[in-house]
Amino acid sequence: MAELTFSNLTKRFDGAPALDGINAAIGSGEFVALLGPSGCGKTTLLRLTAGFEQPDEGEIRIGGDIVAGEGRFVPPEAREIGIVFQSYALWPHKTVAGNVSYPLEVRRIPQAERKARVAEALDLTGLRDFADRMPSQLSGGQRQRVALARCLVFEPRAVLLDEPLANLDLALRASMHDVFSMFHRRTGATMLYVTHDQSEALALADRVAVMESGRIRQFAAPEVLYREPADCFVAGFVGDGAVVATRRTGHSEAGRVLLSVLGQDIWCRSSTSAPSHVSIRPEAITLSETAPLRAQVISCTYLGGRFRLVLDAEGEALVAFAPQRAAVGETVGLTIRDPWAFHDPEAESLMAGALTHA
Amino acid sequence: MSMIALDNGNSRSLDRLLPLILLPVGLMALGPVLRLLLEGFGFGDGFTTDHLTTVLTRDSTRTALMHSLVTAGGGTVLSVLIGATFAFLVALTDIRGKGALVFCLMIPMMIPPQITALAWMQMTGPSSVLLKMLGIAPPLGSPQPLHSATGIIILLGIQHASLVFLTLRAGLRMIPADLVEAARMSGAGTLRVWAQVVLPLSMPSLIAGGAMAFVTALGNFGIPAMLGIPARYSTLPTLIYQRLVGMGPSVLPEVAVLALLIGVVAITGVLLSRYMLSRQGFGLVGLSGTPLALALGRARLPVEITLWSFIFVILALPLFALLATSLIPAYGVPLTIDSATIKAWIDVLVVQPVTRRAYGNSLFLAVLAAAILMAISLPLAWLMERRSNRLSRILDALIDLPYALPGVVLSIACILTFLNLPFTDLTLYGTIWIILMAYLARFFVVMLRPIQASIAQLDPAMEEAAASVGAGLGRRLCDIVLPLAAPSAAAGAILVFLTAVNELTVSALLWSSGTETLGVVIYNLEDSGETVMASALAMSIVVLIILLMGLVQAGAKRFPKGVIPWQS
C-alpha cells in the first residue's frame, strides 16, 4: 500500500483546463472519494493517476516515487495500480477465473500460486461458484465483483474506482457499499473513488475531496464537509440546507462570531473573523409559533418519518424538517441555532461585480 | 517489480515503433497510384503533355471512351432497376425466404465477371449445349447475340445489381419508423407513403449505389473482354489490354494516359454523385426501424414467383448452361446421357499443367495476400483508432483509392512502379510478386474496414484494464485486441481470399508464362477455343466460391454488424 501525492497537477484538453493546480496528499490505506458534478475534473484526476493521460504540469507520486512529472512518465502497466471501471471492462473472451488470473499471468506467477490466489480472490468476493462462467452470463453486481477481484488479486499499491455503481440499480448499490467497505477493511488498500453521488461519497470515504471546475474546493472528512463547508459551492453541493449572505455585527470570540442573519443577531460557529456567508442546515432550524423570525411555507414533502419544508424568510429559501405536515402558504416562526459561517471571496467578488454592472 | 520494469521498456519502444508501419503501408497502397499520375506528365523525360495530347486526340481513344460510357451507363441503369426493385420488395414487404433470396442475389457479385460472361454465352447462341439439348438452339452460323453492346450492358447490369441492392437496403433501414407512422396518422395510404415518404428519403442511397455500380462497371474488364473483343467493340479497359499485350511495355506511357482517363471518368462519376447527394441530403432524426411492413396479401405468391424466376434466369440458368458445356467430350457434341463425361473436369483439375499451375498460383496469391493483409491490418486498425494522428487520418481517407479505382488503372500503376525497383536493377515485372503487390494495394481496404469496425466497437476500457493490471502494449494487442477482433479479421480474410482467388482485371495485365492466375487461364482457354475446359474450370471455381460464401454465412452470428457485405 502506498500514499498518493498530487502537486500542482494541471491538465488541459485543447487549451481548456480540466485540472487546475491540484495539490493533495492521500495517506496509505486511506479511502478517499472524489466528489463533484460532471465535468469537474474528477475522472481526469483518476485517469492521470492510473497513467492513461499525461499531465501538462505538476507531478504525481505513488509511495514517494514520481510516476508523472519532471520529464518522467511511468506507463499504466508499470504503476501497480488497480482500477475498476464504470463499465467494469471485463474481457468478454475470458472466463471469470481467466479475467481474475490475467494480472498474475502477465507477472509470470507460477501456475500453482496463481490458482491459489485466484481462488482466494474469488472467495473474498463471493464468486467461488462462478469461476467458469463467461462475463456475459453474469448480473451487473456479479460483474462488479469480478472487476474487484481482478483488482485485488495482484495486490496493487492503490485501487481506483470510476463511478463503479453508476450502472447498478438502487437496491444493489446499497449492498455494493458493504462490499466496498469489506474490500477496504480486508485489503487495507489505498482507494480513490470517483462519484457524483454525495450519499455514496459520504457513506464510504474516510475523506472526501469536493471538486469543481478542475479544482479541489475542500478536502475533509464527510462530517466536516457537512458541518463546516469551506465555501458556497461545497455548502450547496454537499447536504441539504441554505446558504445566506451575512454581515458581521462586531462581536467575536474563540470559534464563534455574532452575525446578522435574516435580520436576527445570531451566534455562529466560524474559523474566520470576517465571514461572508452562513450555511444553515435543516437541523439548525427549530420551528415555533412564537419565534420572531417569520417565514412562509413554499412546499412540504414527506420523507418518511418527517416532513421537509421549504420556507421563504426575508426573501431567502430555507430548508427545515418538521414532525407534522404544514400547509403551503402558512406562516410559521423559526429559530436558527448555531449555523456555520465562512468567508467566500469568490461569491463576494461575484456580487461586487453584479453591483457595479447594475 | 524489476520484471515489470523490463516489460515496460519493451512496450514503450513498441509504442514508438508501431507508427512506423504507416509509412510502408502508405507507400504500398498509394505509391503506385502516385507514380501513375506522374507518368501521365512525362515523368523521367521531363515535364511534357505530349502523351496526353497524342493519346487523347486519337480516334480509338474517343471510340473506346464512348463505348465505356455507354456500356457502364446502360449497365448502371439496369443495375438500379434490378437492385432497387429487390431492395424495396425485400426491405418493405412481407415476402418469405428473404435470407435465401439475398444470398442468391449476392452470388453474381462474387462470381468473377469472365465466368458470368462465359456462362451466359453457353446459354445463348447457336452452339449452346443447353439449348441444343432442349432443341431450341438458333441455326448454326447465326451470330452470338451477346457479342454486342447490348450483351455487355445486360451482363454489367446483372453483375452489379447487388451493389445497388445493398446500399439501398442499408439506407432503407436508416429511415426512422416514426416518419412513416406520422405519414400514416396524417391519412396517407401505403402506396402514397412509399411514393412520397420512403422513396424521397431513400434517394441518397439510391444515388450512392448507382455511383458505385457505375464506377465498378467502368472498370470491369472480364465482361467487355469476353463479349466485346470478338465483336471488335472495345472499351477503355480492353483497349489498354490489347495495346499492352500487342506492343509490350514500350507503350506504357500511352496506356498510362488511358488509365488516367478511366480514373478521371470514375472520379468524375463519384464527385457528381456526391454533388447530387449534398443537394438531396436530409438530416434524419429519430429511431431507425422497419419503415414499412407492407402486407402484399394475395399478390404475395405471384411476387415471390416472379422474384425467384428472375433469380433462376440470371443465376441458375447460366450456371446450368455452363455445367452442361463442361460435361461434353468436345465442343459441338450434344449432351446426352451417353455422351456426358467428366473428362474436361479431370483435364482441368488433374492433367493440364497450366490449369493446375493457375490453381496453385491463385490459391498461393489469395492466401498470402489475406495473411499479409491480416497481419498488417490488425496493428494498423488499432493505430488508426487509438493513436489517430494527421498521417493516419490521411491514409485512412486515401486507402479506398486503390480499391475504388478500376483494376486496369492499378495494374498499369503497378507495372510503372515495379518495372524497375527504385535504386536497383531488379524488376518485379513478369514475376508473381508484382501480382501480389497489386493485390495487397487493391484489397487492403477489404481487410482493414471490418477490423477497424470491430476495434471501434471495442470499449477502450478493455485495454486500459489490461494496462492497469500490468500488461504492456504487445501483450494487450495479443491477449485483448487480437481475440476480440479475430472474428472480423477472419471474415475480412475470407473476403480478400474470395475476391483475390478469382480476380482477372489486375492479373490480366500483370501475368506472364508461369504466373497465370485462374481468371487469366479461363479467359485464355475461351480465347483459344477450349470452351469445354474453360467451362469446367469456371464451374469448379463457382463451386469453391459458393462453399466459401456458405462458410462465412454459417459464422455470421459471430461477426460484428457490417462485416459481411451481403448482411448489412
# chains A, B, ... in the order shown; residues from 1 in each chain; ligands from 1
>>> select_by_dssp(residues="region 7-200 of chain A", states="helix (DSSP H, G or I)", output="number ranges by chain")
A: 42-50, 76-78, 96-106, 111-124, 128-130, 135-137, 140-152, 170-187, 198-200
>>> residues_around(residues="Glu80 (chain A)", least_positions_apart="4", cutoff="8 Å", atoms="only C-alpha atoms", output="list of chain:residue names")
A:Pro76, A:Pro156, A:Arg157, A:Ala158, B:Ser468, B:Val469, B:Gly470
>>> write_last_selection(atoms="N, CA and C atoms", output="mmCIF file, in the first residue's frame")
data_model
loop_
_atom_site.group_PDB
_atom_site.id
_atom_site.type_symbol
_atom_site.label_atom_id
_atom_site.label_comp_id
_atom_site.auth_asym_id
_atom_site.auth_seq_id
_atom_site.Cartn_x
_atom_site.Cartn_y
_atom_site.Cartn_z
ATOM 1 N N PRO A 76 0.892 3.067 -17.462
ATOM 2 C CA PRO A 76 -0.030 2.429 -16.513
ATOM 3 C C PRO A 76 0.414 1.025 -16.125
ATOM 4 N N PRO A 156 -2.409 -4.463 -5.706
ATOM 5 C CA PRO A 156 -1.892 -3.201 -6.225
ATOM 6 C C PRO A 156 -1.543 -2.232 -5.100
ATOM 7 N N ARG A 157 -0.761 -1.209 -5.462
ATOM 8 C CA ARG A 157 -0.372 -0.232 -4.442
ATOM 9 C C ARG A 157 -1.529 0.704 -4.109
ATOM 10 N N ALA A 158 -2.461 0.834 -5.061
ATOM 11 C CA ALA A 158 -3.658 1.644 -4.816
ATOM 12 C C ALA A 158 -4.746 1.148 -5.743
ATOM 13 N N SER B 468 -3.692 -1.522 -16.675
ATOM 14 C CA SER B 468 -3.611 -1.256 -15.236
ATOM 15 C C SER B 468 -3.190 -2.494 -14.452
ATOM 16 N N VAL B 469 -3.463 -3.694 -15.002
ATOM 17 C CA VAL B 469 -3.016 -4.871 -14.256
ATOM 18 C C VAL B 469 -1.621 -5.298 -14.689
ATOM 19 N N GLY B 470 -0.971 -4.496 -15.528
ATOM 20 C CA GLY B 470 0.444 -4.729 -15.780
ATOM 21 C C GLY B 470 0.796 -5.238 -17.168
#
>>> closest_atom_pairs(of="chain A", to="chain B", cutoff="7 Å", atoms="only C-alpha atoms", output="CSV")
residue,atom,partner,partner_atom,distance
A:Ala50,CA,B:Ser468,CA,7.0
A:Pro76,CA,B:Ser468,CA,5.3
A:Glu77,CA,B:Gly470,CA,3.8
A:Ala78,CA,B:Gly470,CA,5.9
A:Glu80,CA,B:Gly470,CA,6.8
A:Ile81,CA,B:Ser468,CA,6.0
A:Gly82,CA,B:Ser468,CA,5.7
A:Ile83,CA,B:Ser468,CA,6.5
A:Ala89,CA,B:Met462,CA,4.9
A:Leu90,CA,B:Met462,CA,6.7
A:Trp91,CA,B:Met462,CA,6.4
A:Pro103,CA,B:Val469,CA,5.1
A:Val106,CA,B:Ala471,CA,5.9
>>> residues_around(residues="Ala317 (chain A)", least_positions_apart="6", cutoff="8 Å", atoms="only C-alpha atoms", output="VMD selection string")
chain A and resid 242 310 to 311
>>> residues_around(residues="Asp338 (chain A)", least_positions_apart="3", cutoff="8 Å", atoms="only C-alpha atoms", output="number ranges by chain")
A: 266-269, 284
>>> residues_around(residues="Arg227 (chain A)", least_positions_apart="2", cutoff="10 Å", atoms="only C-alpha atoms", output="PyMOL selection string")
chain A and resi 222-225+229-230+235+238-239+269+279-281+339-340
>>> select_by_dssp(residues="region 19-161 of chain A", states="strand (DSSP E)", output="count of residues only")
34
>>> residues_around(residues="Ser273 (chain A)", least_positions_apart="6", cutoff="12 Å", atoms="only C-alpha atoms", output="PDB file with C-alpha atoms, in the first residue's frame")
ATOM      1  CA  ARG A 247     -22.949  40.889   7.668  1.00  0.00           C
ATOM      2  CA  ARG A 248     -20.709  40.994  10.710  1.00  0.00           C
ATOM      3  CA  THR A 249     -22.087  42.946  13.658  1.00  0.00           C
ATOM      4  CA  GLY A 250     -18.814  43.215  15.592  1.00  0.00           C
ATOM      5  CA  HIS A 251     -18.619  40.665  18.345  1.00  0.00           C
ATOM      6  CA  SER A 252     -16.436  37.606  18.018  1.00  0.00           C
ATOM      7  CA  GLU A 253     -14.784  35.204  20.420  1.00  0.00           C
ATOM      8  CA  ALA A 254     -12.842  31.939  20.075  1.00  0.00           C
ATOM      9  CA  GLY A 255     -14.531  29.914  17.309  1.00  0.00           C
ATOM     10  CA  ARG A 256     -17.701  31.993  17.410  1.00  0.00           C
ATOM     11  CA  VAL A 257     -18.880  35.200  15.846  1.00  0.00           C
ATOM     12  CA  LEU A 258     -22.072  37.220  16.206  1.00  0.00           C
ATOM     13  CA  LEU A 259     -23.642  37.844  12.797  1.00  0.00           C
ATOM     14  CA  ALA A 341     -20.200  30.916   8.970  1.00  0.00           C
ATOM     15  CA  PHE A 342     -17.426  31.085   6.382  1.00  0.00           C
ATOM     16  CA  HIS A 343     -15.690  33.548   4.121  1.00  0.00           C
TER      17      HIS A 343
END
>>> residues_around(residues="Arg215 (chain A)", least_positions_apart="6", cutoff="9 Å", atoms="only C-alpha atoms", output="PyMOL selection string")
chain A and resi 18-23+40-41
>>> write_last_selection(atoms="N, CA and C atoms", output="CSV table (one decimal), in the first residue's frame")
chain,number,residue,atom,x,y,z
A,18,ALA,N,-8.8,21.1,-17.5
A,18,ALA,CA,-9.7,20.1,-16.9
A,18,ALA,C,-9.3,20.0,-15.5
A,19,LEU,N,-8.0,20.1,-15.2
A,19,LEU,CA,-7.5,20.2,-13.8
A,19,LEU,C,-6.6,21.4,-13.7
A,20,ASP,N,-6.7,22.1,-12.6
A,20,ASP,CA,-6.1,23.4,-12.5
A,20,ASP,C,-5.3,23.5,-11.2
A,21,GLY,N,-4.1,23.0,-11.2
A,21,GLY,CA,-3.2,23.1,-10.0
A,21,GLY,C,-3.8,22.3,-8.8
A,22,ILE,N,-3.9,21.0,-9.0
A,22,ILE,CA,-4.4,20.2,-7.9
A,22,ILE,C,-3.2,19.9,-6.9
A,23,ASN,N,-3.4,20.1,-5.6
A,23,ASN,CA,-2.5,19.7,-4.5
A,23,ASN,C,-3.2,18.9,-3.5
A,40,CYS,N,-16.2,18.2,-13.7
A,40,CYS,CA,-15.4,18.9,-12.7
A,40,CYS,C,-14.0,18.5,-12.7
A,41,GLY,N,-13.6,17.4,-13.4
A,41,GLY,CA,-12.2,17.0,-13.5
A,41,GLY,C,-11.9,15.8,-12.6
>>> atom_distance(atom1="CA of Val193 (chain B)", atom2="CA of Leu81 (chain B)")
20.2 Å
>>> decode(residues="region 200-333 of chain A", atoms="C-alpha atoms", output="PDB file, in the first residue's frame")
ATOM      1  CA  GLU A 200     -22.038   7.330  -1.794  1.00  0.00           C
ATOM      2  CA  ALA A 201     -19.077   9.577  -1.039  1.00  0.00           C
ATOM      3  CA  LEU A 202     -20.242  10.487   2.474  1.00  0.00           C
ATOM      4  CA  ALA A 203     -21.126   6.886   3.329  1.00  0.00           C
ATOM      5  CA  LEU A 204     -17.939   5.192   2.112  1.00  0.00           C
ATOM      6  CA  ALA A 205     -14.986   7.542   2.337  1.00  0.00           C
ATOM      7  CA  ASP A 206     -12.606   8.432   5.165  1.00  0.00           C
ATOM      8  CA  ARG A 207     -12.146  11.774   3.443  1.00  0.00           C
ATOM      9  CA  VAL A 208     -13.911  13.436   0.519  1.00  0.00           C
ATOM     10  CA  ALA A 209     -12.365  15.839  -1.997  1.00  0.00           C
ATOM     11  CA  VAL A 210     -15.106  18.068  -3.389  1.00  0.00           C
ATOM     12  CA  MET A 211     -14.130  19.220  -6.882  1.00  0.00           C
ATOM     13  CA  GLU A 212     -15.436  21.905  -9.154  1.00  0.00           C
ATOM     14  CA  SER A 213     -14.011  23.396 -12.405  1.00  0.00           C
ATOM     15  CA  GLY A 214     -10.788  21.422 -12.138  1.00  0.00           C
ATOM     16  CA  ARG A 215     -10.035  22.478  -8.580  1.00  0.00           C
ATOM     17  CA  ILE A 216     -10.435  20.875  -5.177  1.00  0.00           C
ATOM     18  CA  ARG A 217     -12.792  23.101  -3.208  1.00  0.00           C
ATOM     19  CA  GLN A 218     -12.456  21.238   0.079  1.00  0.00           C
ATOM     20  CA  PHE A 219     -10.760  18.027   1.163  1.00  0.00           C
ATOM     21  CA  ALA A 220     -12.012  16.818   4.512  1.00  0.00           C
ATOM     22  CA  ALA A 221     -13.834  14.107   6.436  1.00  0.00           C
ATOM     23  CA  PRO A 222     -17.533  13.745   5.482  1.00  0.00           C
ATOM     24  CA  GLU A 223     -18.830  15.149   8.777  1.00  0.00           C
ATOM     25  CA  VAL A 224     -16.530  18.168   8.463  1.00  0.00           C
ATOM     26  CA  LEU A 225     -17.774  18.827   4.913  1.00  0.00           C
ATOM     27  CA  TYR A 226     -21.319  18.783   6.216  1.00  0.00           C
ATOM     28  CA  ARG A 227     -20.818  20.773   9.389  1.00  0.00           C
ATOM     29  CA  GLU A 228     -18.099  23.168   8.239  1.00  0.00           C
ATOM     30  CA  PRO A 229     -18.196  23.705   4.447  1.00  0.00           C
ATOM     31  CA  ALA A 230     -15.362  25.895   3.174  1.00  0.00           C
ATOM     32  CA  ASP A 231     -17.307  27.871   0.574  1.00  0.00           C
ATOM     33  CA  CYS A 232     -20.698  28.407  -1.043  1.00  0.00           C
ATOM     34  CA  PHE A 233     -20.166  25.636  -3.620  1.00  0.00           C
ATOM     35  CA  VAL A 234     -19.410  22.955  -1.024  1.00  0.00           C
ATOM     36  CA  ALA A 235     -22.196  24.169   1.268  1.00  0.00           C
ATOM     37  CA  GLY A 236     -24.668  23.947  -1.611  1.00  0.00           C
ATOM     38  CA  PHE A 237     -23.370  20.737  -3.216  1.00  0.00           C
ATOM     39  CA  VAL A 238     -22.973  18.613  -0.090  1.00  0.00           C
ATOM     40  CA  GLY A 239     -26.024  18.037   2.053  1.00  0.00           C
ATOM     41  CA  ASP A 240     -29.330  19.858   2.289  1.00  0.00           C
ATOM     42  CA  GLY A 241     -29.943  23.394   3.529  1.00  0.00           C
ATOM     43  CA  ALA A 242     -29.482  27.030   2.589  1.00  0.00           C
ATOM     44  CA  VAL A 243     -26.575  29.424   2.122  1.00  0.00           C
ATOM     45  CA  VAL A 244     -27.335  33.009   3.128  1.00  0.00           C
ATOM     46  CA  ALA A 245     -25.177  36.119   2.783  1.00  0.00           C
ATOM     47  CA  THR A 246     -24.404  37.803   6.048  1.00  0.00           C
ATOM     48  CA  ARG A 247     -22.949  40.889   7.668  1.00  0.00           C
ATOM     49  CA  ARG A 248     -20.709  40.994  10.710  1.00  0.00           C
ATOM     50  CA  THR A 249     -22.087  42.946  13.658  1.00  0.00           C
ATOM     51  CA  GLY A 250     -18.814  43.215  15.592  1.00  0.00           C
ATOM     52  CA  HIS A 251     -18.619  40.665  18.345  1.00  0.00           C
ATOM     53  CA  SER A 252     -16.436  37.606  18.018  1.00  0.00           C
ATOM     54  CA  GLU A 253     -14.784  35.204  20.420  1.00  0.00           C
ATOM     55  CA  ALA A 254     -12.842  31.939  20.075  1.00  0.00           C
ATOM     56  CA  GLY A 255     -14.531  29.914  17.309  1.00  0.00           C
ATOM     57  CA  ARG A 256     -17.701  31.993  17.410  1.00  0.00           C
ATOM     58  CA  VAL A 257     -18.880  35.200  15.846  1.00  0.00           C
ATOM     59  CA  LEU A 258     -22.072  37.220  16.206  1.00  0.00           C
ATOM     60  CA  LEU A 259     -23.642  37.844  12.797  1.00  0.00           C
ATOM     61  CA  SER A 260     -26.730  39.465  11.405  1.00  0.00           C
ATOM     62  CA  VAL A 261     -28.592  36.734   9.557  1.00  0.00           C
ATOM     63  CA  LEU A 262     -32.005  37.496   8.020  1.00  0.00           C
ATOM     64  CA  GLY A 263     -32.313  40.482  10.321  1.00  0.00           C
ATOM     65  CA  GLN A 264     -31.561  38.497  13.511  1.00  0.00           C
ATOM     66  CA  ASP A 265     -28.379  38.607  15.550  1.00  0.00           C
ATOM     67  CA  ILE A 266     -27.162  35.005  15.738  1.00  0.00           C
ATOM     68  CA  TRP A 267     -24.040  33.405  17.241  1.00  0.00           C
ATOM     69  CA  CYS A 268     -22.399  31.304  14.546  1.00  0.00           C
ATOM     70  CA  ARG A 269     -19.596  28.765  14.591  1.00  0.00           C
ATOM     71  CA  SER A 270     -16.723  30.029  12.469  1.00  0.00           C
ATOM     72  CA  SER A 271     -12.984  29.819  11.970  1.00  0.00           C
ATOM     73  CA  THR A 272     -12.704  33.281  10.486  1.00  0.00           C
ATOM     74  CA  SER A 273     -13.381  36.661  11.993  1.00  0.00           C
ATOM     75  CA  ALA A 274     -14.756  38.092   8.725  1.00  0.00           C
ATOM     76  CA  PRO A 275     -17.362  35.656   7.350  1.00  0.00           C
ATOM     77  CA  SER A 276     -19.440  36.488   4.291  1.00  0.00           C
ATOM     78  CA  HIS A 277     -21.973  33.625   4.311  1.00  0.00           C
ATOM     79  CA  VAL A 278     -23.651  31.184   6.674  1.00  0.00           C
ATOM     80  CA  SER A 279     -24.653  27.624   5.886  1.00  0.00           C
ATOM     81  CA  ILE A 280     -27.954  26.788   7.578  1.00  0.00           C
ATOM     82  CA  ARG A 281     -28.617  23.030   7.678  1.00  0.00           C
ATOM     83  CA  PRO A 282     -32.198  21.838   8.304  1.00  0.00           C
ATOM     84  CA  GLU A 283     -31.115  20.570  11.750  1.00  0.00           C
ATOM     85  CA  ALA A 284     -30.176  24.163  12.720  1.00  0.00           C
ATOM     86  CA  ILE A 285     -33.769  25.346  12.346  1.00  0.00           C
ATOM     87  CA  THR A 286     -36.389  24.920  15.038  1.00  0.00           C
ATOM     88  CA  LEU A 287     -39.995  25.816  14.206  1.00  0.00           C
ATOM     89  CA  SER A 288     -42.103  27.553  16.833  1.00  0.00           C
ATOM     90  CA  GLU A 289     -45.218  29.694  16.852  1.00  0.00           C
ATOM     91  CA  THR A 290     -43.687  32.455  18.886  1.00  0.00           C
ATOM     92  CA  ALA A 291     -40.261  32.974  17.281  1.00  0.00           C
ATOM     93  CA  PRO A 292     -39.728  36.499  15.958  1.00  0.00           C
ATOM     94  CA  LEU A 293     -38.338  35.414  12.537  1.00  0.00           C
ATOM     95  CA  ARG A 294     -41.402  34.665  10.396  1.00  0.00           C
ATOM     96  CA  ALA A 295     -41.410  32.584   7.208  1.00  0.00           C
ATOM     97  CA  GLN A 296     -43.942  31.375   4.675  1.00  0.00           C
ATOM     98  CA  VAL A 297     -44.208  27.680   3.715  1.00  0.00           C
ATOM     99  CA  ILE A 298     -43.438  27.259  -0.016  1.00  0.00           C
ATOM    100  CA  SER A 299     -43.546  23.480  -0.213  1.00  0.00           C
ATOM    101  CA  CYS A 300     -43.907  20.446   2.012  1.00  0.00           C
ATOM    102  CA  THR A 301     -42.574  16.992   1.080  1.00  0.00           C
ATOM    103  CA  TYR A 302     -42.999  13.810   3.101  1.00  0.00           C
ATOM    104  CA  LEU A 303     -39.662  11.977   3.568  1.00  0.00           C
ATOM    105  CA  GLY A 304     -40.894   9.112   5.704  1.00  0.00           C
ATOM    106  CA  GLY A 305     -40.967   9.874   9.424  1.00  0.00           C
ATOM    107  CA  ARG A 306     -40.731  13.620   8.911  1.00  0.00           C
ATOM    108  CA  PHE A 307     -41.586  16.414   6.530  1.00  0.00           C
ATOM    109  CA  ARG A 308     -39.180  18.606   4.583  1.00  0.00           C
ATOM    110  CA  LEU A 309     -40.344  22.210   4.391  1.00  0.00           C
ATOM    111  CA  VAL A 310     -39.022  24.893   2.090  1.00  0.00           C
ATOM    112  CA  LEU A 311     -39.587  28.248   3.746  1.00  0.00           C
ATOM    113  CA  ASP A 312     -39.370  31.799   2.475  1.00  0.00           C
ATOM    114  CA  ALA A 313     -37.831  34.057   5.127  1.00  0.00           C
ATOM    115  CA  GLU A 314     -36.891  37.601   4.145  1.00  0.00           C
ATOM    116  CA  GLY A 315     -36.602  36.517   0.512  1.00  0.00           C
ATOM    117  CA  GLU A 316     -34.244  33.591   1.228  1.00  0.00           C
ATOM    118  CA  ALA A 317     -35.280  29.941   0.754  1.00  0.00           C
ATOM    119  CA  LEU A 318     -34.547  27.913   3.908  1.00  0.00           C
ATOM    120  CA  VAL A 319     -34.975  24.180   4.453  1.00  0.00           C
ATOM    121  CA  ALA A 320     -36.338  22.785   7.689  1.00  0.00           C
ATOM    122  CA  PHE A 321     -37.625  19.459   8.987  1.00  0.00           C
ATOM    123  CA  ALA A 322     -40.975  19.255  10.759  1.00  0.00           C
ATOM    124  CA  PRO A 323     -42.763  16.398  12.545  1.00  0.00           C
ATOM    125  CA  GLN A 324     -46.161  17.337  11.071  1.00  0.00           C
ATOM    126  CA  ARG A 325     -47.427  18.410   7.691  1.00  0.00           C
ATOM    127  CA  ALA A 326     -47.638  22.167   7.073  1.00  0.00           C
ATOM    128  CA  ALA A 327     -49.985  23.862   4.647  1.00  0.00           C
ATOM    129  CA  VAL A 328     -48.428  25.686   1.708  1.00  0.00           C
ATOM    130  CA  GLY A 329     -48.794  29.440   2.260  1.00  0.00           C
ATOM    131  CA  GLU A 330     -48.990  29.079   6.058  1.00  0.00           C
ATOM    132  CA  THR A 331     -46.768  31.369   8.134  1.00  0.00           C
ATOM    133  CA  VAL A 332     -44.508  29.850  10.784  1.00  0.00           C
ATOM    134  CA  GLY A 333     -41.953  31.191  13.223  1.00  0.00           C
TER     135      GLY A 333
END
